[in-house]
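A.B. asks: Below are the structure tokens for one structure; questions will follow.
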Amino acid sequence: MMYVRPKKSLGQHFLHDRQIAERITQSIDDNTKSLLEIGAGTGVLTEFLLEKNIDFKAVEIDRESIAFLRKTFPDIKNKLIEGDFLQLNVRTIFDKPFSVIGNLPYNISSQIFFKILDEKNYITEMVCMIQKEVAERIAEKPGSKTYGILSVLIQAFYDVEYLFTVHENAFTPPPKVKSAVIRLTRNATQHLDCDEILFKKTVKATFNQRRKTIKNSLKLITGDKIIPENRFLTLRPERLSVSDFVELTNLVEKL
Ligand code: SAH
């Protein structure tokens, strides 16, 4: 029997609970026509995804996993992309918008989300397993201590649902943290009503000093310019919704 040695550097924790695997694959919208799996590993999700009657592709960076997948699932041959998802030009994979699924490598999950956001007009849906703490943060509403940069940036363009929690014993080797599955569904927002680059900068600058008030942390962006009095200045960033950040960005832009 072929076996893939789990590599920590690639965030490899293989899910061995097939019931959970099936539940994850069933969380993708029934109308999905094109689907990309990130990090197929030993194929616990892939096995179910190959049975779906859709245009399916999987990307995997690990050579040993690639060899394992080819051997175990002969049907995968034209569907497997050997490479780094972060370097992939996702627009060349399908000729239409698509969904993404995966038990993500936790060490690069934030980078994966930033890439999803960069490609938000091509990616309509994402079902993924990540560290529970990160899942909660992404799904969190304003006012909570864990609400942060990714919550705001993702919720600006995707509806977020926390689906379920997964115990560490469902993996080989078990990770040190609990896991959770979330679903992102692209919302109707095409563009924010502000400069989107400045929006990102504003969100990052304020949360990077999250114990400071908006007034103090914005000095990083605005320098000596005086921000006119407004209802956000004395608040901390965790209190601001997506639309509040849009409003704030427009105030900053006018300076
Ligand atoms: N889907 C499998 C594996 C999850 S572990 C399962 O559920 O058991 C995460 C997987 O992502 C590993 O197979 C790892 O090799 C792969 N991976 C890590 N970094 C990657 C990257 N940059 N691009 C593509 N795949 C990556």
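Here's how to read the names in the structure tokens: chain A, B, ... by the order shown, residue numbers from 1 in each chain, ligand numbers from 1 in the order shown.
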DSSP on the backbone, then: every residue of range 89-245 of chain A marked alpha helix (DSSP H), written as a PyMOL selection string.
C.D. replies: chain A and resi 109-118+132-139+149-155+196-207+214-217+219-222+242-245
A.B. asks: For Ile108 in chain A, please output as a PyMOL selection string all residues within 9 Å (counting only C-alpha atoms; exclusion window: fewer than 5 positions along the same chain).
C.D. replies: chain A and resi 10-11+113
A.B. asks: Please produce a file of the residues just selected, as a PDB file, in the first residue's frame, where the atoms kept are N, CA and C atoms.
C.D. replies:
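Writing the result to out_33.pdb gives the following:
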ATOM      1  N   LEU A  10       3.978  21.542   4.996  1.00  0.00           N
ATOM      2  CA  LEU A  10       2.906  21.749   4.016  1.00  0.00           C
ATOM      3  C   LEU A  10       1.541  21.750   4.692  1.00  0.00           C
ATOM      4  N   GLY A  11       1.546  21.798   6.020  1.00  0.00           N
ATOM      5  CA  GLY A  11       0.281  21.827   6.758  1.00  0.00           C
ATOM      6  C   GLY A  11      -0.532  20.558   6.551  1.00  0.00           C
ATOM      7  N   PHE A 113      -7.062  33.158   1.688  1.00  0.00           N
ATOM      8  CA  PHE A 113      -8.228  34.053   1.690  1.00  0.00           C
ATOM      9  C   PHE A 113      -7.937  35.367   0.963  1.00  0.00           C
TER      10      PHE A 113
END
A.B. asks: May I have the residues within 7 Å of ligand 1, computed using only C-alpha atoms and all ligand atoms, as a ChimeraX atom specification?
C.D. replies: /A:10-16,38-45,59-62,65,83-86,102-105
A.B. asks: Show me a table, sorted first by chain and then by increasing residue number, of the residues of range 26-109 of chain A having an atom at most 12 Å from range 153-164 of chain A, each with its shortest atom pair and the distance in Å to one decimal, counting only C-alpha atoms and written as a Markdown table.
C.D. replies:
| residue | atom | partner | partner_atom | distance |
| --- | --- | --- | --- | --- |
| A:Gln26 | CA | A:Leu163 | CA | 11.6 |
| A:Ser27 | CA | A:Leu163 | CA | 8.6 |
| A:Ile28 | CA | A:Leu163 | CA | 11.4 |
A.B. asks: Determine the nearest neighbour of Leu80 in chain A from the options A:Ser109, A:Thr206, A:Thr46, A:Ser241, counting only C-alpha atoms.
C.D. replies: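 Residue with the minimum atom-to-atom distance to Leu80 in chain A: A:Thr46.
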A.B. asks: Once DSSP has gone over the backbone, tell me which residues of range 158-229 of chain A are in strand (DSSP E or B), as an NGL selection string.
C.D. replies: :A and (158-166 or 171-172 or 179-186)
A.B. asks: So which residues touch Asp29 in chain A within 10 Å, counting only C-alpha atoms, skipping near sequence neighbours fewer than 4 positions away, as a PDB file with N, CA, C and O atoms, in the first residue's frame?
C.D. replies:
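The result, written out as around-v2.pdb:
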ATOM      1  N   THR A  25     -18.194  17.781   1.480  1.00  0.00           N
ATOM      2  CA  THR A  25     -18.431  17.841   0.024  1.00  0.00           C
ATOM      3  C   THR A  25     -19.906  18.114  -0.295  1.00  0.00           C
ATOM      4  O   THR A  25     -20.220  18.653  -1.346  1.00  0.00           O
ATOM      5  N   LYS A  33     -21.330  24.238 -10.899  1.00  0.00           N
ATOM      6  CA  LYS A  33     -20.969  23.538 -12.137  1.00  0.00           C
ATOM      7  C   LYS A  33     -19.464  23.311 -12.257  1.00  0.00           C
ATOM      8  O   LYS A  33     -19.019  22.384 -12.917  1.00  0.00           O
ATOM      9  N   SER A  99     -16.556  27.461  -7.915  1.00  0.00           N
ATOM     10  CA  SER A  99     -16.509  27.308  -6.459  1.00  0.00           C
ATOM     11  C   SER A  99     -15.178  26.707  -6.049  1.00  0.00           C
ATOM     12  O   SER A  99     -14.507  26.052  -6.861  1.00  0.00           O
ATOM     13  N   GLU A 125     -18.157  30.880  -4.561  1.00  0.00           N
ATOM     14  CA  GLU A 125     -18.461  30.154  -3.326  1.00  0.00           C
ATOM     15  C   GLU A 125     -17.205  29.441  -2.848  1.00  0.00           C
ATOM     16  O   GLU A 125     -16.378  29.013  -3.656  1.00  0.00           O
ATOM     17  N   MET A 126     -17.084  29.295  -1.533  1.00  0.00           N
ATOM     18  CA  MET A 126     -15.959  28.539  -0.986  1.00  0.00           C
ATOM     19  C   MET A 126     -16.421  27.778   0.248  1.00  0.00           C
ATOM     20  O   MET A 126     -17.012  28.365   1.155  1.00  0.00           O
ATOM     21  N   VAL A 127     -16.155  26.476   0.264  1.00  0.00           N
ATOM     22  CA  VAL A 127     -16.405  25.668   1.459  1.00  0.00           C
ATOM     23  C   VAL A 127     -15.051  25.167   1.914  1.00  0.00           C
ATOM     24  O   VAL A 127     -14.336  24.527   1.133  1.00  0.00           O
ATOM     25  N   ARG A 183     -18.616  28.288   5.111  1.00  0.00           N
ATOM     26  CA  ARG A 183     -18.995  28.494   3.707  1.00  0.00           C
ATOM     27  C   ARG A 183     -19.061  29.994   3.436  1.00  0.00           C
ATOM     28  O   ARG A 183     -19.658  30.753   4.199  1.00  0.00           O
ATOM     29  N   THR A 185     -20.262  32.688   0.525  1.00  0.00           N
ATOM     30  CA  THR A 185     -21.072  32.806  -0.687  1.00  0.00           C
ATOM     31  C   THR A 185     -20.992  34.247  -1.163  1.00  0.00           C
ATOM     32  O   THR A 185     -21.275  35.168  -0.391  1.00  0.00           O
TER      33      THR A 185
END
